[in-house]
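Source file final-v7.txt; content: compact mmCIF, C-alpha atoms and all ligand atoms.
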# COMPACT_ATOMS: atom_id res chain seq x y z
CA MET A 1 -30.92 155.30 -49.05
CA SER A 2 -27.30 155.10 -47.87
CA PRO A 3 -25.15 157.95 -49.24
CA THR A 4 -22.64 155.46 -50.68
CA ARG A 5 -25.12 153.13 -52.30
CA GLN A 6 -25.85 153.57 -55.99
CA PRO A 7 -29.61 153.97 -56.40
CA LEU A 8 -31.41 151.42 -58.58
CA ALA A 9 -34.22 151.99 -61.08
CA ILE A 10 -36.22 149.10 -62.50
CA LEU A 11 -37.51 149.76 -66.01
CA PHE A 12 -40.51 147.62 -66.99
CA ASP A 13 -40.96 146.95 -70.70
CA VAL A 14 -44.63 145.98 -70.63
CA ASP A 15 -45.25 144.96 -74.24
CA SER A 16 -42.68 146.25 -76.77
CA LYS A 17 -41.84 144.06 -79.72
CA ILE A 18 -38.56 145.88 -80.30
CA PRO A 19 -36.21 147.56 -77.80
CA ASN A 20 -38.22 150.34 -76.21
CA LEU A 21 -36.72 153.70 -77.18
CA ALA A 22 -38.23 155.61 -74.24
CA LEU A 23 -36.83 153.13 -71.70
CA MET A 24 -33.41 153.23 -73.35
CA LYS A 25 -33.44 157.02 -73.05
CA TRP A 26 -34.56 156.83 -69.42
CA SER A 27 -31.77 154.37 -68.74
CA ALA A 28 -29.19 156.68 -70.31
CA TRP A 29 -30.42 159.68 -68.34
CA LEU A 30 -30.55 157.80 -65.04
CA LYS A 31 -27.04 156.46 -65.56
CA HIS A 32 -25.82 160.01 -66.19
CA GLN A 33 -27.28 160.85 -62.78
CA GLY A 34 -25.34 158.02 -61.15
CA TRP A 35 -28.10 155.40 -61.06
CA GLN A 36 -28.00 151.72 -61.93
CA THR A 37 -30.79 150.54 -64.19
CA LYS A 38 -32.33 147.13 -64.61
CA LEU A 39 -34.67 146.01 -67.40
CA GLU A 40 -37.63 143.79 -66.52
CA LYS A 41 -39.79 142.32 -69.27
CA LYS A 42 -40.91 138.97 -67.87
CA PHE A 43 -44.37 139.06 -66.38
CA THR A 44 -44.87 135.47 -65.35
CA ASP A 45 -44.35 134.96 -61.62
CA LEU A 46 -43.65 138.65 -61.16
CA THR A 47 -42.77 139.42 -57.54
CA TYR A 48 -41.89 142.58 -55.66
CA GLN A 49 -38.34 143.81 -56.17
CA LYS A 50 -36.78 146.45 -53.98
CA ALA A 51 -35.53 149.50 -55.89
CA ASP A 52 -35.50 153.27 -55.64
CA ARG A 53 -37.54 154.04 -58.71
CA TYR A 54 -39.99 152.09 -60.90
CA LEU A 55 -40.74 153.12 -64.48
CA ALA A 56 -42.99 151.27 -66.93
CA SER A 57 -43.58 151.80 -70.63
CA ALA A 58 -46.66 150.38 -72.41
CA VAL A 59 -46.91 150.70 -76.17
CA PHE A 60 -50.17 148.90 -77.04
CA TYR A 61 -53.70 149.59 -75.89
CA ALA A 62 -54.46 145.90 -75.40
CA ALA A 63 -55.99 143.67 -72.73
CA LYS A 64 -52.68 141.91 -72.08
CA THR A 65 -50.96 145.25 -71.56
CA HIS A 66 -53.65 146.38 -69.12
CA ARG A 67 -53.38 143.15 -67.12
CA ARG A 68 -49.64 143.62 -66.78
CA LEU A 69 -50.00 147.24 -65.74
CA GLU A 70 -52.54 146.26 -63.08
CA LEU A 71 -50.12 143.67 -61.77
CA LEU A 72 -47.37 146.26 -61.54
CA GLN A 73 -49.68 148.75 -59.85
CA GLN A 74 -50.66 146.14 -57.25
CA LEU A 75 -46.98 145.58 -56.47
CA TYR A 76 -45.69 149.14 -56.57
CA GLY A 77 -48.75 151.34 -56.08
CA THR A 78 -48.15 155.03 -56.59
CA ASN A 79 -44.39 154.50 -56.77
CA LEU A 80 -44.86 153.20 -60.30
CA GLU A 81 -44.45 155.81 -63.06
CA ILE A 82 -46.14 154.75 -66.31
CA GLY A 83 -45.78 156.17 -69.81
CA GLY A 84 -46.29 155.13 -73.41
CA SER A 85 -49.10 155.22 -75.96
CA GLY A 86 -50.74 152.13 -74.43
CA PHE A 87 -51.37 154.18 -71.30
CA ASP A 88 -51.47 157.89 -72.07
CA LEU A 89 -51.22 159.49 -75.51
CA LYS A 90 -50.34 162.92 -74.19
CA LYS A 91 -47.61 162.08 -71.71
CA ARG A 92 -44.16 163.03 -72.98
CA LEU A 93 -40.64 162.24 -71.85
CA PRO A 94 -39.06 165.14 -69.96
CA ASP A 95 -36.85 167.15 -72.37
CA GLU A 96 -33.68 166.14 -70.57
CA VAL A 97 -34.58 162.45 -71.11
CA GLU A 98 -35.88 162.86 -74.67
CA THR A 99 -32.56 164.32 -75.79
CA CYS A 100 -30.45 161.48 -74.37
CA PHE A 101 -28.58 159.08 -76.63
CA PRO A 102 -30.35 155.71 -76.10
CA ASP A 103 -28.68 153.19 -73.81
CA TYR A 104 -28.75 150.15 -76.14
CA GLY A 105 -26.92 148.25 -73.41
CA LEU A 106 -30.16 148.10 -71.41
CA TYR A 107 -31.33 145.41 -73.85
CA GLY A 108 -27.86 144.14 -74.77
CA HIS A 109 -29.00 145.21 -78.22
CA SER A 110 -26.60 145.70 -81.11
CA LEU A 111 -28.46 144.63 -84.28
CA TYR A 112 -29.63 148.15 -85.13
CA ALA A 113 -30.03 151.67 -83.84
CA THR A 114 -33.51 153.11 -83.65
CA GLY A 115 -35.06 156.56 -83.54
CA PHE A 116 -37.00 159.31 -85.28
CA LEU A 117 -35.97 162.08 -87.66
CA THR A 118 -39.51 163.41 -88.00
CA ARG A 119 -42.65 162.82 -86.00
CA GLY A 120 -46.33 163.01 -86.74
CA CYS A 121 -48.42 162.88 -89.88
CA SER A 122 -50.70 165.35 -91.58
CA LYS A 123 -53.27 162.71 -92.55
CA ARG A 124 -55.95 161.48 -90.18
CA CYS A 125 -56.56 157.79 -90.79
CA ALA A 126 -59.23 156.81 -88.25
CA PHE A 127 -57.46 153.61 -87.14
CA CYS A 128 -54.15 155.34 -86.45
CA ILE A 129 -52.85 156.67 -83.19
CA VAL A 130 -50.37 159.10 -84.77
CA PRO A 131 -52.57 162.16 -85.47
CA GLN A 132 -53.82 162.16 -81.87
CA LYS A 133 -50.49 161.36 -80.30
CA GLU A 134 -48.02 163.28 -82.43
CA GLY A 135 -50.09 165.82 -84.36
CA LYS A 136 -48.99 167.18 -87.71
CA LEU A 137 -45.71 166.17 -89.28
CA LYS A 138 -42.70 168.03 -87.93
CA ARG A 139 -38.96 167.74 -88.25
CA LEU A 140 -37.18 166.98 -84.99
CA SER A 141 -33.98 168.64 -84.04
CA SER A 142 -32.41 165.18 -83.73
CA SER A 143 -30.16 163.74 -86.39
CA PHE A 144 -28.65 160.29 -86.90
CA ASP A 145 -25.79 161.33 -84.59
CA ASP A 146 -28.28 161.56 -81.74
CA PHE A 147 -29.24 157.88 -81.79
CA VAL A 148 -26.86 155.94 -84.07
CA PRO A 149 -23.64 154.69 -82.48
CA MET A 150 -20.50 155.41 -84.54
CA GLU A 151 -19.93 151.80 -85.58
CA GLN A 152 -23.60 150.99 -86.26
CA LYS A 153 -24.75 150.76 -89.89
CA ASN A 154 -28.25 149.32 -89.36
CA VAL A 155 -30.99 151.79 -88.48
CA MET A 156 -34.65 151.13 -87.80
CA LEU A 157 -36.46 154.41 -88.48
CA LEU A 158 -39.68 154.96 -86.53
CA ASP A 159 -40.87 158.00 -88.49
CA ASP A 160 -44.63 157.98 -89.01
CA ASN A 161 -44.80 159.37 -92.55
CA LEU A 162 -41.28 160.17 -93.67
CA LEU A 163 -41.98 160.48 -97.40
CA SER A 164 -44.49 163.27 -96.82
CA PHE A 165 -41.88 165.45 -95.10
CA SER A 166 -40.99 168.38 -97.36
CA GLY A 167 -37.25 167.95 -96.81
CA VAL A 168 -37.20 164.18 -97.16
CA GLU A 169 -34.87 164.23 -100.17
CA ASP A 170 -32.06 165.65 -98.01
CA LEU A 171 -32.65 162.97 -95.37
CA LEU A 172 -32.58 160.24 -98.02
CA ARG A 173 -29.34 161.67 -99.43
CA GLU A 174 -27.86 161.64 -95.94
CA ILE A 175 -28.77 157.95 -95.58
CA ILE A 176 -27.04 157.24 -98.89
CA ASP A 177 -23.93 159.26 -97.97
CA ARG A 178 -23.66 157.55 -94.59
CA ARG A 179 -24.11 154.12 -96.26
CA LEU A 180 -26.72 153.13 -93.71
CA ALA A 181 -28.96 150.09 -94.03
CA ILE A 182 -32.49 151.26 -93.17
CA ASN A 183 -35.62 149.55 -92.01
CA PHE A 184 -38.61 151.84 -92.68
CA SER A 185 -40.55 150.23 -89.86
CA GLN A 186 -43.70 152.35 -90.14
CA THR A 187 -43.90 151.83 -93.92
CA LEU A 188 -43.75 154.49 -96.61
CA ASP A 189 -46.79 156.33 -97.91
CA ILE A 190 -47.27 155.48 -101.59
CA ALA A 191 -49.16 158.77 -102.12
CA TRP A 192 -45.90 160.68 -101.59
CA LEU A 193 -43.72 158.55 -103.83
CA THR A 194 -42.40 160.62 -106.73
CA GLU A 195 -39.82 159.75 -109.36
CA ASP A 196 -37.14 161.81 -107.57
CA LYS A 197 -37.79 160.18 -104.20
CA ASN A 198 -37.90 156.78 -105.84
CA ASN A 199 -34.50 157.36 -107.45
CA LEU A 200 -33.08 158.11 -104.01
CA LEU A 201 -34.83 155.16 -102.37
CA LEU A 202 -33.34 152.88 -105.03
CA GLN A 203 -29.87 153.86 -103.81
CA ILE A 204 -30.70 153.00 -100.18
CA ASP A 205 -29.99 149.61 -98.69
CA SER A 206 -33.54 149.17 -97.40
CA ARG A 207 -33.97 146.13 -95.15
CA ASN A 208 -36.46 143.98 -93.29
CA SER A 209 -36.66 144.25 -89.51
CA LYS A 210 -33.99 141.59 -89.03
CA PHE A 211 -31.75 143.27 -91.60
CA THR A 212 -31.37 139.96 -93.42
CA LYS A 213 -33.24 140.83 -96.64
CA ARG A 214 -33.74 143.75 -98.95
CA ARG A 215 -37.26 145.08 -98.39
CA MET A 216 -39.07 148.32 -99.09
CA TYR A 217 -42.27 148.74 -97.09
CA PHE A 218 -45.47 150.48 -98.16
CA SER A 219 -49.01 150.28 -96.83
CA LEU A 220 -52.34 149.63 -98.52
CA ASN A 221 -55.15 150.13 -96.06
CA TYR A 222 -58.14 150.89 -98.31
CA PRO A 223 -59.19 149.69 -101.74
CA ASN A 224 -59.13 153.25 -103.07
CA GLN A 225 -55.35 153.32 -102.56
CA ILE A 226 -54.94 150.65 -105.23
CA ARG A 227 -55.13 153.43 -107.81
CA LEU A 228 -52.08 155.09 -106.22
CA PHE A 229 -50.17 151.83 -106.39
CA GLU A 230 -51.17 151.36 -110.01
CA GLU A 231 -50.02 154.86 -110.94
CA ARG A 232 -46.64 154.14 -109.36
CA ALA A 233 -46.30 150.50 -110.36
CA GLY A 234 -43.46 151.36 -112.76
CA LEU A 235 -41.53 153.07 -109.97
CA LEU A 236 -41.98 150.09 -107.66
CA LYS A 237 -40.96 147.65 -110.37
CA ALA A 238 -37.49 149.22 -110.39
CA PHE A 239 -36.80 147.66 -106.96
CA GLY A 240 -36.85 144.23 -108.57
CA PRO A 241 -38.66 141.05 -107.60
CA ALA A 242 -39.38 140.05 -103.99
CA CYS A 243 -38.43 143.44 -102.62
CA ILE A 244 -41.70 145.34 -102.14
CA SER A 245 -43.61 144.41 -99.02
CA VAL A 246 -47.05 145.90 -98.44
CA VAL A 247 -48.63 146.12 -95.01
CA ALA A 248 -52.43 145.94 -95.12
CA ILE A 249 -54.68 146.48 -92.13
CA TYR A 250 -57.81 144.38 -91.59
CA GLY A 251 -60.50 144.23 -88.94
CA PHE A 252 -61.17 147.96 -88.73
CA ASP A 253 -63.89 149.21 -91.07
CA THR A 254 -63.69 147.28 -94.32
CA SER A 255 -65.96 144.46 -95.49
CA LEU A 256 -64.67 141.11 -96.67
CA SER A 257 -65.15 142.03 -100.33
CA GLN A 258 -63.19 145.25 -99.83
CA ASP A 259 -60.39 143.25 -98.24
CA TYR A 260 -60.55 140.73 -101.07
CA GLU A 261 -60.00 143.50 -103.60
CA ARG A 262 -56.73 144.45 -101.85
CA TRP A 263 -55.57 140.87 -101.35
CA MET A 264 -56.12 140.12 -105.04
CA TYR A 265 -54.18 143.19 -106.05
CA LEU A 266 -51.20 142.29 -103.86
CA ARG A 267 -51.31 138.76 -105.20
CA ARG A 268 -51.44 139.86 -108.82
CA LYS A 269 -48.48 142.22 -108.38
CA LYS A 270 -46.51 139.60 -106.41
CA TYR A 271 -45.87 142.08 -103.62
CA ILE A 272 -45.07 140.49 -100.29
CA PRO A 273 -48.12 141.06 -98.12
CA PHE A 274 -48.13 141.59 -94.40
CA PHE A 275 -51.66 141.35 -93.04
CA GLN A 276 -51.95 143.51 -89.95
CA GLU A 277 -54.89 143.13 -87.59
CA TYR A 278 -56.28 146.39 -86.24
CA TRP A 279 -55.12 146.95 -82.66
CA PRO A 280 -57.72 149.06 -80.91
CA ILE A 281 -56.48 152.49 -79.91
CA LEU A 282 -57.81 154.51 -77.04
CA GLY A 283 -61.39 155.56 -77.82
CA VAL A 284 -61.51 153.96 -81.30
CA GLN A 285 -63.17 150.56 -81.50
CA SER A 286 -63.19 148.60 -84.72
CA ARG A 287 -66.24 149.42 -86.83
CA LEU A 288 -66.67 146.47 -89.13
CA PRO A 289 -69.79 146.65 -91.30
CA GLU A 290 -72.73 144.66 -89.98
CA MET A 291 -72.64 142.59 -93.16
CA PHE A 292 -68.91 141.96 -93.01
CA PHE A 293 -69.26 138.58 -94.76
CA ASP A 294 -70.58 140.05 -98.00
CA MET A 295 -69.06 137.60 -100.49
CA ASP A 296 -68.34 133.94 -101.09
CA LEU A 297 -65.88 132.98 -98.38
CA ASP A 298 -64.48 130.15 -100.50
CA ARG A 299 -62.96 132.66 -102.91
CA ILE A 300 -60.89 134.15 -100.10
CA ILE A 301 -59.83 131.14 -98.13
CA ARG A 302 -58.31 129.34 -101.09
CA LEU A 303 -55.99 132.22 -101.98
CA THR A 304 -52.29 131.61 -101.77
CA PHE A 305 -49.61 134.24 -101.65
CA TYR A 306 -46.12 134.64 -102.97
CA SER A 307 -44.74 134.63 -99.44
CA ASN A 308 -45.64 134.92 -95.78
CA GLY A 309 -47.93 131.90 -95.32
CA ILE A 310 -47.83 132.03 -91.51
CA ASN A 311 -49.07 135.60 -91.51
CA TRP A 312 -51.91 134.57 -93.91
CA GLU A 313 -52.86 131.74 -91.55
CA LYS A 314 -53.12 134.24 -88.75
CA TYR A 315 -55.53 136.27 -90.89
CA LEU A 316 -57.58 133.13 -91.63
CA ARG A 317 -57.78 132.37 -87.91
CA TRP A 318 -59.15 135.86 -87.39
CA LEU A 319 -61.74 135.26 -90.15
CA ASN A 320 -62.64 132.00 -88.44
CA ARG A 321 -63.32 133.78 -85.14
CA LYS A 322 -65.37 136.47 -86.90
CA TYR A 323 -67.43 133.85 -88.73
CA PHE A 324 -68.22 132.11 -85.46
CA GLU A 325 -69.10 135.39 -83.77
CA GLN A 326 -71.53 136.25 -86.56
CA PHE A 327 -73.10 132.88 -87.41
CA GLY A 328 -72.55 130.74 -84.32
CA ARG A 329 -70.83 128.00 -86.36
CA TYR A 330 -67.33 127.34 -87.61
CA TYR A 331 -67.07 126.98 -91.35
CA ARG A 332 -65.47 123.57 -91.87
CA PRO A 333 -63.62 124.31 -95.17
CA LEU A 334 -61.98 127.30 -93.49
CA ILE A 335 -60.91 125.24 -90.47
CA GLU A 336 -59.42 122.58 -92.74
CA ILE A 337 -57.43 125.15 -94.69
CA ILE A 338 -56.08 126.87 -91.57
CA TYR A 339 -54.65 123.64 -90.20
CA ARG A 340 -53.55 121.93 -93.39
CA TYR A 341 -49.81 122.70 -92.94
CA ASN A 342 -49.12 123.93 -89.41
CA ASN A 343 -50.48 122.86 -86.00
CA LYS A 344 -52.33 120.07 -87.80
CA GLN A 345 -53.49 118.44 -84.58
CA SER A 346 -55.41 121.62 -83.63
CA VAL A 347 -58.03 120.84 -86.26
CA TRP A 348 -59.39 118.14 -83.92
CA LYS A 349 -60.37 120.75 -81.40
CA TYR A 350 -63.03 121.73 -83.97
CA LEU A 351 -63.76 118.41 -85.65
CA LYS A 352 -64.72 116.77 -82.38
CA ARG A 353 -67.52 119.31 -82.03
CA PRO A 354 -69.64 118.68 -85.17
CA ASP A 355 -72.51 120.56 -83.53
CA LEU A 356 -70.43 123.73 -83.93
CA LEU A 357 -69.45 123.13 -87.55
CA THR A 358 -71.13 123.93 -90.82
CA ASP A 359 -70.38 123.18 -94.44
CA HIS A 360 -72.66 125.98 -95.58
CA GLN A 361 -72.25 129.72 -95.68
CA TYR A 362 -74.36 132.69 -94.72
CA HIS A 363 -76.86 130.95 -92.50
CA LYS A 364 -77.97 132.48 -89.28
CA TYR A 365 -78.39 129.79 -86.67
CA PRO A 366 -80.94 129.89 -83.88
CA GLU A 367 -79.50 130.16 -80.41
CA LYS A 368 -79.19 126.92 -78.51
CA SER A 369 -81.72 126.52 -75.75
S1 LIG A 401 -51.78 155.48 -90.96
FE1 LIG A 401 -49.98 156.54 -91.77
S2 LIG A 401 -50.85 158.05 -93.19
FE2 LIG A 401 -52.52 157.42 -91.82
S3 LIG A 401 -52.50 158.89 -90.12
FE3 LIG A 401 -51.24 157.12 -89.49
S4 LIG A 401 -49.16 157.70 -90.03
FE4 LIG A 401 -50.53 159.05 -91.17
Could you express the structure from this file as structure tokens?
Amino acid sequence: MSPTRQPLAILFDVDSKIPNLALMKWSAWLKHQGWQTKLEKKFTDLTYQKADRYLASAVFYAAKTHRRLELLQQLYGTNLEIGGSGFDLKKRLPDEVETCFPDYGLYGHSLYATGFLTRGCSKRCAFCIVPQKEGKLKRLSSSFDDFVPMEQKNVMLLDDNLLSFSGVEDLLREIIDRRLAINFSQTLDIAWLTEDKNNLLLQIDSRNSKFTKRRMYFSLNYPNQIRLFEERAGLLKAFGPACISVVAIYGFDTSLSQDYERWMYLRRKKYIPFFQEYWPILGVQSRLPEMFFDMDLDRIIRLTFYSNGINWEKYLRWLNRKYFEQFGRYYRPLIEIIYRYNNKQSVWKYLKRPDLLTDHQYHKYPEKS
């Protein structure tokens, strides 16, 4: 490296859906050391680029992520430094990087600031990466000043279980005093919602991830949590119509009838559902019951929801794949419902194969010879 040349680091964002906080901190730290940084997030036609340092961050433990990492490793070999929960749950940013103010300029990003006030969670939901990765809930030494630019009013909080933190009331008051608009991106835990916390949340400008709508996010992952929602229904009602969004996981360990119980509850309460497929985490495969299809499929597939039809279609497509995996046939009424509004032409992909379709449920079909 020439003594006058500014060294270059290429930062590979392997799979993030939002600006990657770790890479933005790396970028800030490297720039403090006199480096130039370049973000790379396109993986089609990826070719070798000459640089002095190569860093990659992978968030999801998914096949696509692994393929991209392999590609990077083929190009850069041992010069590639990889981090992120899609690669290694225990690897941490060096302290001097962790404490940097994020370089939002890396992504040309100005819609919101993002960061954590607390990390970890004291529960141990089997499908969740947090207990293994972050351990028990703890307050970080960071405050809004450590990741929110002066002029920024939108903040996406990444805290895993903020409401369960014993000093959460002070943090909520700080949000109110600073007049911040907040996206609670990891959802709030209904079990920790009390009247006092609710009164504070009501004063917060809580937003969706695009900051275009008022939204308060909770999660409902098991039927036995419905009771908690019922006990707090009066508190939630105070947010007004079309404000409560509930994220509900599927595809991990619940049967169809258990899922149906949750879907019906969300529908009855007119909460805005977000159906979230289980993303496998390291060492934890989905454990659907052998008899996953344990109820009349027609009762599920004809449901409609107050909002979020595209997300529901995605869930139905997942059901369709599961049905085929289990019974070796596609269930025609389900196919017709999936493609009744969007991608209508895709229905022909199935209809032209009548040998793979059935109008009946629950039959096991013999394997083709
Ligand atoms: S899903 Fe939520 S409550 Fe459960 S362990 Fe993860 S962060 Fe905690």
At a cut-off of 7 Å and counting only C-alpha atoms and all ligand atoms, what residues surround ligand LIG 401 (chain A)? Please answer as an mmCIF file with C-alpha atoms, in the coordinates of the input.
data_model
loop_
_atom_site.group_PDB
_atom_site.id
_atom_site.type_symbol
_atom_site.label_atom_id
_atom_site.label_comp_id
_atom_site.auth_asym_id
_atom_site.auth_seq_id
_atom_site.Cartn_x
_atom_site.Cartn_y
_atom_site.Cartn_z
ATOM 1 C CA GLY A 120 -46.330 163.010 -86.740
ATOM 2 C CA CYS A 121 -48.420 162.880 -89.880
ATOM 3 C CA SER A 122 -50.700 165.350 -91.580
ATOM 4 C CA LYS A 123 -53.270 162.710 -92.550
ATOM 5 C CA ARG A 124 -55.950 161.480 -90.180
ATOM 6 C CA CYS A 125 -56.560 157.790 -90.790
ATOM 7 C CA CYS A 128 -54.150 155.340 -86.450
ATOM 8 C CA ILE A 129 -52.850 156.670 -83.190
ATOM 9 C CA VAL A 130 -50.370 159.100 -84.770
ATOM 10 C CA PRO A 131 -52.570 162.160 -85.470
ATOM 11 C CA ASP A 160 -44.630 157.980 -89.010
ATOM 12 C CA ASN A 161 -44.800 159.370 -92.550
ATOM 13 C CA ASP A 189 -46.790 156.330 -97.910
#
**Prompt:** Out of A:Leu89, A:Leu357, A:Ala9, A:Leu303, which residue has the shortest atom-to-atom distance to Phe327 (chain A) when counting all atoms listed in the file?
**Reply:**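 Checking each candidate against Phe327 (chain A), we get A:Leu357 as the closest.
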**Message:** Can you pull out the residues contacting Ser142 (chain A)? Cut-off 10 Å, using only C-alpha atoms, and skip same-chain residues under 3 positions away; I want them as a PyMOL selection string.
**Reply:** chain A and resi 98-99+115-118+139+145-147
**Asked** Quick one: distance from CA of Thr187 (chain A) to CA of Phe165 (chain A) in Å, one decimal?
**Response**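 Interatomic distance here is 13.8 Å.
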**Message:** Need the shell around Gln36 (chain A): protein/DNA/RNA residues with any atom at most 10 Å away, counting only C-alpha atoms. Skip same-chain ones fewer than 2 positions apart. Format as number ranges by chain?
**Reply:** A: 6-10, 27-28, 30-34, 38, 51-52
